[in-house]
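S.K.: What follows is protein_10.txt, made up of compact mmCIF, C-alpha atoms and all ligand atoms:
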```txt
# COMPACT_ATOMS: atom_id res chain seq x y z
CA MET S 1 0.00 0.00 0.00
CA HIS S 2 1.13 3.57 -0.62
CA PRO S 3 2.92 4.75 2.54
CA ARG S 4 0.97 7.99 2.70
CA ARG S 5 -2.44 6.28 2.64
CA ASN S 6 -1.16 3.90 5.28
CA PHE S 7 -0.21 6.82 7.43
CA LEU S 8 -3.38 8.81 6.82
CA ARG S 9 -5.41 5.78 7.79
CA ALA S 10 -3.46 5.64 11.03
CA ALA S 11 -3.94 9.38 11.54
CA GLY S 12 -7.67 8.95 10.89
CA LEU S 13 -7.92 6.31 13.56
CA LEU S 14 -6.30 8.66 16.02
CA GLY S 15 -8.71 11.41 15.00
CA ALA S 16 -11.69 9.12 15.61
CA ALA S 17 -10.54 8.61 19.17
CA ALA S 18 -10.85 12.40 19.63
CA VAL S 19 -7.06 12.54 20.07
CA SER S 20 -7.24 11.25 23.59
CA ARG S 21 -4.36 11.66 25.96
CA ALA S 22 -3.59 7.96 25.50
CA ALA S 23 -3.44 8.29 21.73
CA GLN S 24 -1.14 11.29 21.98
CA ALA S 25 1.19 9.34 24.20
CA ALA S 26 1.21 6.35 21.86
CA VAL S 27 4.06 5.74 19.48
CA PRO S 28 3.10 7.05 16.02
CA GLU S 29 2.50 4.64 13.16
CA ALA S 30 5.66 3.60 11.29
CA PRO S 31 4.78 3.56 7.58
CA THR S 32 6.84 1.20 5.44
CA GLN S 33 7.77 1.17 1.78
CA SER S 34 8.25 -1.96 -0.30
CA SER S 35 9.10 -0.33 -3.65
CA ALA S 36 12.50 0.95 -4.80
CA ALA S 37 10.88 3.36 -7.29
CA THR S 38 11.17 7.13 -6.88
CA GLN S 39 8.06 8.29 -5.02
CA PRO S 40 6.44 11.67 -5.83
CA PRO S 41 7.16 14.60 -3.49
CA LEU S 42 5.16 14.51 -0.24
CA SER S 43 3.59 17.91 0.41
CA PRO S 44 3.36 18.80 4.09
CA SER S 45 0.08 17.67 5.67
CA ALA S 46 0.40 20.22 8.51
CA GLY S 47 2.68 22.93 9.86
CA ARG S 48 4.66 25.52 7.88
CA PRO S 49 4.59 25.23 4.08
CA TYR S 50 7.66 24.08 2.12
CA ASN S 51 8.64 22.79 -1.31
CA PRO S 52 9.17 19.06 -0.70
CA VAL S 53 12.19 17.20 -2.06
CA VAL S 54 12.18 14.13 -4.30
CA THR S 55 14.35 11.25 -3.06
CA LEU S 56 16.00 9.39 -5.93
CA ASN S 57 14.64 5.81 -5.86
CA GLY S 58 13.30 6.57 -2.41
CA TRP S 59 10.56 8.22 -0.41
CA THR S 60 9.76 10.69 2.38
CA LEU S 61 8.61 9.61 5.84
CA PRO S 62 5.15 11.00 6.72
CA PHE S 63 4.80 12.73 10.11
CA ARG S 64 1.98 13.52 12.49
CA MET S 65 1.51 16.68 14.56
CA ASN S 66 1.17 16.19 18.31
CA ASN S 67 0.59 19.44 20.23
CA GLY S 68 2.77 21.37 17.81
CA VAL S 69 5.54 18.76 17.71
CA LYS S 70 6.29 16.88 14.48
CA GLU S 71 6.47 13.18 15.27
CA PHE S 72 8.22 10.57 13.14
CA HIS S 73 8.79 6.87 13.68
CA LEU S 74 11.82 5.07 12.28
CA VAL S 75 12.15 1.30 12.59
CA ALA S 76 15.65 -0.15 12.09
CA GLU S 77 15.19 -3.63 10.60
CA PRO S 78 16.45 -6.16 8.07
CA VAL S 79 15.11 -5.29 4.58
CA VAL S 80 15.26 -6.61 1.05
CA ARG S 81 16.42 -3.92 -1.39
CA GLU S 82 16.37 -4.28 -5.15
CA ILE S 83 19.78 -2.88 -6.15
CA ALA S 84 18.76 -3.03 -9.84
CA PRO S 85 16.32 -5.27 -11.70
CA GLY S 86 17.73 -8.80 -11.37
CA MET S 87 19.44 -8.31 -8.04
CA LYS S 88 18.04 -8.12 -4.53
CA ALA S 89 20.25 -7.54 -1.50
CA HIS S 90 19.62 -8.47 2.11
CA LEU S 91 20.40 -5.23 3.90
CA TRP S 92 19.57 -3.42 7.10
CA GLY S 93 17.45 -0.31 6.66
CA TYR S 94 14.60 1.72 8.07
CA ASN S 95 10.87 1.22 7.46
CA GLY S 96 11.26 -1.37 4.75
CA GLN S 97 14.04 0.12 2.62
CA SER S 98 17.72 1.00 2.56
CA PRO S 99 18.44 3.84 2.73
CA GLY S 100 15.71 4.84 5.13
CA PRO S 101 13.06 7.37 4.15
CA THR S 102 14.00 11.03 3.88
CA ILE S 103 12.87 13.08 6.87
CA GLU S 104 11.61 16.56 5.97
CA ALA S 105 10.78 19.36 8.39
CA VAL S 106 11.14 23.12 8.67
CA GLU S 107 13.63 25.40 10.43
CA GLY S 108 12.15 26.24 13.84
CA ASP S 109 10.14 23.00 14.06
CA ARG S 110 10.34 20.84 17.15
CA VAL S 111 10.69 17.20 16.09
CA ARG S 112 10.20 14.03 18.12
CA ILE S 113 11.63 10.96 16.44
CA PHE S 114 10.82 7.50 17.78
CA VAL S 115 13.42 4.89 16.86
CA THR S 116 12.56 1.21 17.25
CA ASN S 117 15.31 -1.39 17.00
CA ARG S 118 14.34 -4.60 15.21
CA LEU S 119 17.94 -5.47 14.37
CA PRO S 120 19.74 -8.43 15.96
CA GLU S 121 22.12 -6.05 17.81
CA PRO S 122 22.04 -2.67 19.61
CA THR S 123 21.92 0.53 17.54
CA SER S 124 21.47 4.32 17.82
CA ILE S 125 20.92 7.23 15.43
CA HIS S 126 23.23 10.18 14.98
CA TRP S 127 21.70 13.25 13.29
CA HIS S 128 24.67 14.14 11.09
CA GLY S 129 25.33 17.88 10.79
CA MET S 130 22.51 19.01 13.10
CA LEU S 131 22.83 21.56 15.88
CA LEU S 132 21.15 19.92 18.88
CA PRO S 133 21.49 19.19 22.61
CA ASN S 134 24.47 16.95 23.26
CA GLY S 135 22.32 14.14 24.67
CA MET S 136 20.36 13.94 21.39
CA ASP S 137 23.50 13.42 19.29
CA GLY S 138 23.07 9.65 19.18
CA VAL S 139 26.58 8.40 19.96
CA SER S 140 25.96 5.17 21.85
CA GLY S 141 28.08 4.89 24.97
CA LEU S 142 29.04 8.58 24.84
CA THR S 143 25.74 10.49 24.88
CA GLN S 144 23.17 7.72 25.36
CA PRO S 145 22.94 4.03 26.16
CA PRO S 146 22.63 1.87 23.04
CA ILE S 147 19.09 1.06 21.87
CA LYS S 148 18.88 -2.64 22.68
CA GLU S 149 17.09 -5.15 20.46
CA GLY S 150 13.33 -4.67 20.63
CA LYS S 151 13.52 -1.29 22.40
CA THR S 152 12.29 2.13 21.26
CA PHE S 153 14.11 5.39 22.02
CA VAL S 154 12.85 8.95 21.60
CA TYR S 155 14.93 11.81 20.20
CA GLU S 156 13.51 15.31 20.55
CA PHE S 157 15.06 18.61 19.49
CA GLU S 158 14.43 21.91 17.77
CA LEU S 159 15.64 22.42 14.19
CA LEU S 160 17.84 25.49 14.55
CA LYS S 161 18.93 25.81 10.94
CA SER S 162 17.87 24.74 7.47
CA GLY S 163 20.00 22.69 5.10
CA THR S 164 20.95 19.18 4.01
CA PHE S 165 21.68 16.60 6.72
CA MET S 166 21.99 12.82 7.14
CA TYR S 167 21.13 10.25 9.77
CA HIS S 168 22.99 7.02 10.51
CA PRO S 169 23.83 4.71 13.44
CA HIS S 170 26.62 5.44 15.90
CA ALA S 171 26.80 1.88 17.23
CA ASP S 172 28.85 -0.81 15.46
CA GLU S 173 29.12 1.73 12.63
CA MET S 174 31.30 -0.41 10.38
CA THR S 175 28.72 -3.20 10.25
CA GLN S 176 25.60 -1.11 10.33
CA MET S 177 26.61 1.34 7.60
CA ALA S 178 28.07 -1.45 5.44
CA MET S 179 24.62 -3.06 5.74
CA GLY S 180 22.82 0.07 4.53
CA LEU S 181 21.49 1.85 7.65
CA MET S 182 21.35 5.54 6.70
CA GLY S 183 19.06 8.26 5.39
CA MET S 184 18.77 11.96 4.55
CA PHE S 185 17.25 14.68 6.73
CA ILE S 186 16.16 17.85 4.94
CA VAL S 187 15.39 20.97 6.95
CA HIS S 188 13.55 23.49 4.78
CA PRO S 189 13.99 27.23 5.33
CA LYS S 190 11.29 28.91 7.41
CA ASN S 191 10.67 31.29 4.49
CA PRO S 192 9.51 29.13 1.53
CA ARG S 193 10.64 31.91 -0.85
CA PHE S 194 14.29 31.59 0.31
CA MET S 195 16.29 30.03 -2.56
CA PRO S 196 13.31 28.27 -4.09
CA ALA S 197 13.85 25.42 -6.55
CA ASP S 198 11.29 23.99 -8.94
CA ARG S 199 12.75 20.53 -8.45
CA ASP S 200 14.79 19.52 -5.45
CA TYR S 201 16.40 16.07 -5.67
CA VAL S 202 18.24 14.26 -2.90
CA PHE S 203 20.17 11.01 -2.51
CA LEU S 204 22.92 9.29 -0.53
CA LEU S 205 26.14 7.84 -1.89
CA ASN S 206 26.70 4.39 -0.42
CA ALA S 207 28.61 1.23 -1.34
CA PHE S 208 28.32 -2.50 -0.77
CA ASP S 209 30.55 -5.50 -1.26
CA ILE S 210 28.33 -8.39 -2.34
CA GLU S 211 29.87 -11.43 -4.03
CA PRO S 212 28.18 -12.20 -7.33
CA GLY S 213 25.49 -14.74 -6.52
CA ALA S 214 25.27 -13.74 -2.84
CA ALA S 215 22.77 -11.30 -1.28
CA THR S 216 24.37 -10.14 1.98
CA PRO S 217 27.17 -7.54 2.00
CA LYS S 218 30.60 -8.37 3.40
CA VAL S 219 30.81 -5.88 6.24
CA ASN S 220 34.58 -5.80 6.82
CA THR S 221 35.47 -4.50 3.35
CA MET S 222 37.30 -1.18 3.62
CA LEU S 223 37.87 0.04 0.05
CA ASP S 224 37.24 -2.71 -2.48
CA PHE S 225 33.48 -2.42 -2.77
CA ASN S 226 31.86 -3.80 -5.92
CA LEU S 227 28.52 -1.96 -5.85
CA TRP S 228 28.83 1.83 -5.90
CA CYS S 229 25.35 3.09 -5.24
CA TRP S 230 23.16 6.12 -5.12
CA ASN S 231 20.53 5.30 -2.53
CA SER S 232 21.39 1.57 -2.51
CA ARG S 233 20.74 1.43 -6.23
CA VAL S 234 23.03 1.14 -9.30
CA TYR S 235 22.59 1.98 -12.96
CA PRO S 236 20.55 0.89 -14.89
CA GLY S 237 18.33 0.68 -11.80
CA LEU S 238 18.62 4.41 -11.08
CA ASP S 239 15.76 6.66 -12.14
CA PRO S 240 16.53 9.80 -14.19
CA PHE S 241 16.43 13.33 -12.80
CA VAL S 242 13.80 15.06 -14.90
CA ALA S 243 13.15 18.77 -15.40
CA ARG S 244 11.17 21.08 -17.65
CA THR S 245 13.19 23.60 -19.66
CA GLY S 246 13.71 26.80 -17.67
CA GLU S 247 13.15 25.28 -14.25
CA ARG S 248 15.55 25.81 -11.37
CA VAL S 249 16.89 22.42 -10.31
CA ARG S 250 18.69 21.54 -7.08
CA ILE S 251 20.51 18.24 -6.59
CA ARG S 252 21.63 17.38 -3.04
CA PHE S 253 23.66 14.42 -1.86
CA GLY S 254 25.54 13.11 1.15
CA ASN S 255 28.44 10.66 1.13
CA LEU S 256 28.50 7.68 3.51
CA THR S 257 30.90 5.49 1.51
CA MET S 258 34.56 5.00 2.43
CA THR S 259 35.97 7.29 -0.28
CA ASN S 260 35.34 10.59 -2.06
CA HIS S 261 33.25 10.94 -5.22
CA PRO S 262 33.67 13.66 -7.85
CA ILE S 263 30.09 14.00 -9.11
CA HIS S 264 30.13 15.26 -12.68
CA MET S 265 27.21 16.55 -14.71
CA HIS S 266 27.31 17.01 -18.47
CA GLY S 267 25.93 19.89 -20.52
CA TYR S 268 25.90 22.55 -17.81
CA HIS S 269 27.96 24.35 -15.29
CA PHE S 270 26.27 24.55 -11.94
CA GLU S 271 26.60 26.51 -8.71
CA VAL S 272 27.43 24.90 -5.38
CA THR S 273 24.68 26.30 -3.16
CA CYS S 274 24.70 24.23 0.04
CA THR S 275 27.46 22.54 2.02
CA ASP S 276 27.63 20.78 5.40
CA GLY S 277 27.51 24.14 7.12
CA GLY S 278 24.50 25.54 5.28
CA TRP S 279 23.54 27.71 2.32
CA VAL S 280 26.16 29.47 0.21
CA PRO S 281 25.39 33.18 -0.40
CA LYS S 282 25.18 34.11 -4.07
CA ALA S 283 28.43 36.10 -4.11
CA ALA S 284 30.37 33.18 -2.60
CA ARG S 285 29.19 30.43 -4.97
CA TRP S 286 31.61 29.03 -7.47
CA PRO S 287 30.81 27.54 -10.87
CA GLU S 288 31.67 23.88 -11.40
CA VAL S 289 31.06 20.93 -13.66
CA SER S 290 32.21 18.39 -11.04
CA ILE S 291 31.87 18.60 -7.29
CA ASP S 292 33.93 16.31 -5.10
CA VAL S 293 32.12 15.14 -2.00
CA ALA S 294 34.31 13.72 0.75
CA VAL S 295 33.27 11.03 3.22
CA GLY S 296 30.74 12.39 5.69
CA GLN S 297 30.01 15.52 3.63
CA MET S 298 26.81 16.87 2.13
CA ARG S 299 26.67 19.07 -0.97
CA ALA S 300 23.97 20.65 -3.12
CA PHE S 301 24.30 22.28 -6.50
CA GLU S 302 21.79 24.17 -8.63
CA PHE S 303 21.36 25.04 -12.28
CA ASP S 304 18.78 26.58 -14.57
CA ALA S 305 17.68 23.78 -16.87
CA ILE S 306 18.01 25.76 -20.09
CA TYR S 307 19.54 23.09 -22.34
CA ALA S 308 17.18 20.29 -23.37
CA GLY S 309 18.66 16.82 -23.71
CA ASP S 310 19.67 13.61 -21.96
CA TRP S 311 22.69 14.71 -19.95
CA ALA S 312 24.82 12.12 -18.17
CA ILE S 313 25.45 12.59 -14.45
CA HIS S 314 27.92 10.30 -12.74
CA CYS S 315 30.82 9.82 -10.38
CA HIS S 316 33.99 10.54 -12.36
CA LYS S 317 35.97 7.68 -10.79
CA SER S 318 35.59 5.25 -13.66
CA HIS S 319 35.52 2.22 -11.35
CA HIS S 320 32.49 3.69 -9.64
CA THR S 321 30.41 3.48 -12.81
CA MET S 322 30.82 -0.28 -12.96
CA ASN S 323 29.01 -3.05 -11.15
CA ALA S 324 30.07 -6.31 -9.52
CA MET S 325 32.82 -8.49 -11.07
CA GLY S 326 34.89 -5.44 -11.96
CA HIS S 327 37.98 -6.21 -9.92
CA ASP S 328 39.44 -9.69 -10.24
CA VAL S 329 39.51 -9.65 -14.03
CA PRO S 330 43.06 -9.78 -15.46
CA THR S 331 43.99 -7.08 -18.00
CA MET S 332 44.45 -8.75 -21.39
CA ILE S 333 44.63 -5.78 -23.77
CA GLY S 334 46.95 -6.68 -26.64
CA VAL S 335 46.96 -10.41 -25.83
CA ASP S 336 45.26 -12.75 -28.27
CA HIS S 337 43.92 -15.30 -25.83
CA ARG S 338 40.80 -16.51 -27.63
CA ASP S 339 41.99 -20.10 -27.85
CA VAL S 340 43.02 -20.22 -24.22
CA VAL S 341 39.73 -18.75 -23.05
CA ASN S 342 37.69 -21.26 -25.03
CA LYS S 343 39.67 -24.13 -23.52
CA ILE S 344 39.32 -22.79 -19.96
CA MET S 345 35.61 -22.06 -20.41
CA LYS S 346 35.01 -25.72 -21.19
CA LEU S 347 36.44 -26.56 -17.77
CA VAL S 348 35.27 -23.50 -15.79
CA PRO S 349 31.99 -22.23 -17.27
CA ASP S 350 31.97 -18.90 -15.36
CA TYR S 351 35.56 -18.02 -16.35
CA MET S 352 35.88 -14.51 -17.69
CA VAL S 353 38.76 -12.30 -18.81
CA MET S 354 38.99 -8.82 -20.20
CA GLY S 355 38.79 -8.71 -23.98
CA GLU S 356 42.08 -8.18 -25.79
CA ARG S 357 40.72 -4.98 -27.35
CA GLY S 358 39.48 -3.51 -24.09
CA MET S 359 36.26 -4.20 -22.28
CA TYR S 360 33.81 -2.64 -24.71
CA ASP S 361 32.80 -6.10 -25.96
CA MET S 362 31.45 -6.92 -22.54
CA LYS S 363 28.69 -4.38 -22.96
CA GLU S 364 27.17 -6.42 -25.73
CA MET S 365 28.09 -9.85 -24.47
CA GLU S 366 25.42 -12.08 -23.08
CA MET S 367 27.59 -13.63 -20.44
CA PRO S 368 26.40 -16.40 -18.17
CA LEU S 369 26.03 -14.73 -14.76
CA PRO S 370 25.42 -16.34 -11.41
CA ASP S 371 21.90 -15.84 -10.04
CA ASN S 372 21.23 -12.55 -8.28
CA THR S 373 23.88 -10.31 -9.76
CA ILE S 374 24.01 -7.64 -12.44
CA PRO S 375 26.40 -7.22 -15.36
CA MET S 376 29.47 -5.11 -14.74
CA MET S 377 28.74 -2.62 -17.54
CA THR S 378 25.23 -2.41 -18.77
CA GLY S 379 22.29 -0.26 -19.75
CA PHE S 380 21.06 0.31 -23.28
CA GLY S 381 20.40 3.76 -24.68
CA PRO S 382 18.73 4.82 -27.93
CA MET S 383 22.11 4.65 -29.74
CA GLY S 384 23.42 1.34 -28.36
CA PRO S 385 24.98 -0.03 -25.20
CA ILE S 386 25.82 2.64 -22.62
CA GLY S 387 28.36 0.47 -20.83
CA MET S 388 27.84 2.00 -17.40
CA GLY S 389 26.80 0.73 -14.03
CA GLY S 390 27.09 2.02 -10.49
CA MET S 391 26.92 5.75 -9.84
CA PHE S 392 25.43 6.85 -13.17
CA SER S 393 22.12 8.37 -14.18
CA VAL S 394 20.69 10.85 -16.68
CA VAL S 395 19.38 14.39 -16.26
CA LYS S 396 16.46 14.61 -18.72
CA VAL S 397 15.52 18.19 -19.62
CA ARG S 398 12.44 18.61 -21.84
CA ASP S 399 10.46 21.53 -23.28
CA ASP S 400 7.19 19.65 -23.05
CA LEU S 401 7.45 18.12 -19.58
CA PRO S 402 4.48 19.20 -17.43
CA ARG S 403 5.36 20.91 -14.15
CA GLY S 404 5.32 18.60 -11.16
CA VAL S 405 5.65 15.45 -13.29
CA TYR S 406 8.56 13.14 -12.44
CA LYS S 407 7.82 10.26 -14.82
CA ASP S 408 10.64 9.22 -17.16
CA PRO S 409 9.89 11.10 -20.42
CA GLY S 410 11.79 8.53 -22.56
CA TRP S 411 14.82 9.32 -24.70
CA PHE S 412 15.62 12.78 -26.09
CA LYS S 413 14.52 13.55 -29.65
CA HIS S 414 17.49 15.44 -31.09
CA PRO S 415 16.80 18.37 -33.46
CA PRO S 416 17.96 17.52 -37.02
CA GLY S 417 21.69 18.02 -37.60
CA THR S 418 22.69 18.01 -33.90
CA VAL S 419 23.98 14.45 -33.49
CA ALA S 420 27.55 13.27 -34.09
CA TYR S 421 27.66 11.10 -37.19
CA GLU S 422 29.94 8.81 -39.14
CA TRP S 423 31.95 10.51 -41.88
CA THR S 424 31.94 8.29 -44.92
CA GLY S 425 33.64 10.55 -47.51
CA ALA S 426 37.20 11.84 -47.81
CA LEU S 427 38.79 13.70 -44.90
CA PRO S 428 37.84 17.38 -44.95
CA PRO S 429 40.64 19.74 -46.12
CA ALA S 430 41.23 21.28 -42.68
CA ALA S 431 42.02 17.90 -41.16
CA ARG S 432 44.50 17.11 -43.97
CA ALA S 433 46.30 20.45 -43.65
CA ALA S 434 46.95 19.84 -39.94
CA GLN S 435 48.25 23.32 -39.09
CA PRO S 436 46.45 24.22 -35.88
CA ARG S 437 49.47 26.05 -34.44
CA SER S 438 49.41 28.89 -36.96
CA ASP S 439 45.71 29.41 -36.09
CA ALA S 440 46.53 29.62 -32.40
CA ARG S 441 49.23 32.22 -33.06
CA THR S 442 46.80 34.31 -35.08
CA LEU S 443 44.30 34.25 -32.24
CA VAL S 444 46.86 35.35 -29.67
CA ALA S 445 48.22 38.10 -31.91
CA ARG S 446 44.72 39.47 -32.43
CA LYS S 447 44.18 40.06 -28.68
CA PRO S 448 44.59 43.86 -28.26
CA ASN S 449 46.24 43.92 -24.80
CA GLY S 450 48.38 40.83 -25.15
CA ASP S 451 46.50 39.04 -22.39
CA HIS S 452 47.07 35.48 -23.43
CA ASN S 453 48.13 33.86 -20.19
CA HIS S 454 44.95 31.90 -19.53
CU CU S 501 32.76 7.58 -6.96
```
Just give me the structure as structure tokens.
M.R.:
Amino acid sequence: MHPRRNFLRAAGLLGAAAVSRAAQAAVPEAPTQSSAATQPPLSPSAGRPYNPVVTLNGWTLPFRMNNGVKEFHLVAEPVVREIAPGMKAHLWGYNGQSPGPTIEAVEGDRVRIFVTNRLPEPTSIHWHGMLLPNGMDGVSGLTQPPIKEGKTFVYEFELLKSGTFMYHPHADEMTQMAMGLMGMFIVHPKNPRFMPADRDYVFLLNAFDIEPGAATPKVNTMLDFNLWCWNSRVYPGLDPFVARTGERVRIRFGNLTMTNHPIHMHGYHFEVTCTDGGWVPKAARWPEVSIDVAVGQMRAFEFDAIYAGDWAIHCHKSHHTMNAMGHDVPTMIGVDHRDVVNKIMKLVPDYMVMGERGMYDMKEMEMPLPDNTIPMMTGFGPMGPIGMGGMFSVVKVRDDLPRGVYKDPGWFKHPPGTVAYEWTGALPPAARAAQPRSDARTLVARKPNGDHNH
């Protein structure tokens, strides 16, 4: 069932009981989500207005108001997460999914967050980046006792500033984060006209190490992960970011992997508008085409979607746009090993080596894969194999996309004469002449003040 209806039904039941003292004291309903599809933005049902975010392949946790306090209920529990079609992982998450639902509230709100532990070991939640009373900081052993199995804890604090935050356990962190326990926490500005965006996307960067054919991550891996995810999802399982031409688009993300990720977007330069510490004033923003996000950091960038098209967005570490099986493959470029491979494959059916011309062939190959894994490089576009996995998606900007619609509009229809094409005639004269240096000199000489040092 849709999480919102689930929640409203629960809220209705409370209303029928005339919001008795007992009902107010009760733990709020904990809606769950079974789908890995991007859910539409959840407009606030009460309290101050805001422009809700859209969580990439995720959802927002509904709240209830209780005497002016916004109440949420997170349940830490084992979940099954579809990493991409064809592969399901056994992770730990919140309310049915990993990552957990995005929490959204407004600067100045008082929030009360119930956290129930249905994991097989103690946990806690740290509200990453928040300004709050020390005892609400969620570091088990330091600021609170751990939340034991089966117990529910309450966190309550005022949201002193708006921005982009995360939540994650501070108890057996290595295991619990490697298993997928994490989520985003968005605090909207009190003034809904402050830095408004038409579309506001958010996701987490996370990574898993799951042997092809297995479903549970290896939790002691430090660097050699084989699934580089956005919101526990890899390409081609990641939904596109869609926008209508002319809209202001914000993309926010937080990094809870074990390494940094230079996130690169094609077709635009963008402005970095929000960091861990808060919003960046206009005069202090810097233009970028890639923004590196270190471990534990949050970043947001914005752009005016003025160029229609299907623009790639991805981590620029090339190993992070590949899926499982990417690491133990020997490099065979330049080696003609076809005979050897055929002989070995008769003995070891799953044997695989890199092609002697590179790995492009693998994109088209129908290789026998173990159950429950996804090809290393995959995804088909309108022009052929895309050959990407992992941290890769597409920003789809369209003139005819209705406002407020997040459905995938399909592939871009290029205007005539705007697509790279195969040249089938003779080389053009300029290419044959091959004298680019004289052109460069001419350009420099033509500059009136001799300013050619850039
Ligand atoms: Cu990366």
S.K.: Quick one: residues within 10 Å of stretch 266-283 of chain S, all atoms listed in the file, excluding same-chain residues fewer than 5 positions away - as a ChimeraX atom specification?
M.R.: /S:128-130,161-166,195,249-254,288-291,293,296-314,394-395
S.K.: Which chains and residue numbers are within 12 Å of ligand CU 501 (chain S), counting only C-alpha atoms and all ligand atoms, if I want them as a ChimeraX atom specification?
M.R.: /S:204-207,223,225-230,234,255-264,290-295,313-322,389-392
S.K.: Please compute the atom CA of S:Gly410-atom CA of S:Pro240 distance, one decimal, in Å.
M.R.: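 Distance between the two atoms: 9.7 Å.
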S.K.: Enter the distance from atom CA of S:Leu119 to atom CA of S:Gly180, in Å, rounded to one decimal.
M.R.: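 Distance reported for this atom pair: 12.3 Å.
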S.K.: Report, in Å to a single decimal, how far apart atom CA of S:Gln97 and atom CA of S:Thr32 are.
M.R.: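 Calculated distance between atom CA of S:Thr32 and atom CA of S:Gln97 is 7.8 Å.
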S.K.: Considering all atoms listed in the file, state which residue in the set S:Ser393, S:Ser140, S:Ser124, S:Ser43 is at the smallest distance from S:Met265.
M.R.: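 Among the listed residues, S:Ser393 lies closest to S:Met265.
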S.K.: Return as JSON the box centre and box size in Å, one decimal, for an axis-aligned box around all listed atoms of stretch 304-309 of chain S padded by 8 Å per side.
M.R.:
```
{"center_x": 18.4, "center_y": 21.7, "center_z": -19.1, "size_x": 18.4, "size_y": 25.8, "size_z": 25.1}
```
S.K.: When distances are computed from all atoms listed in the file, which of S:Arg199, S:Val106, S:Thr424, S:His170 shows the smallest separation from S:Gly404?
M.R.: S:Arg199
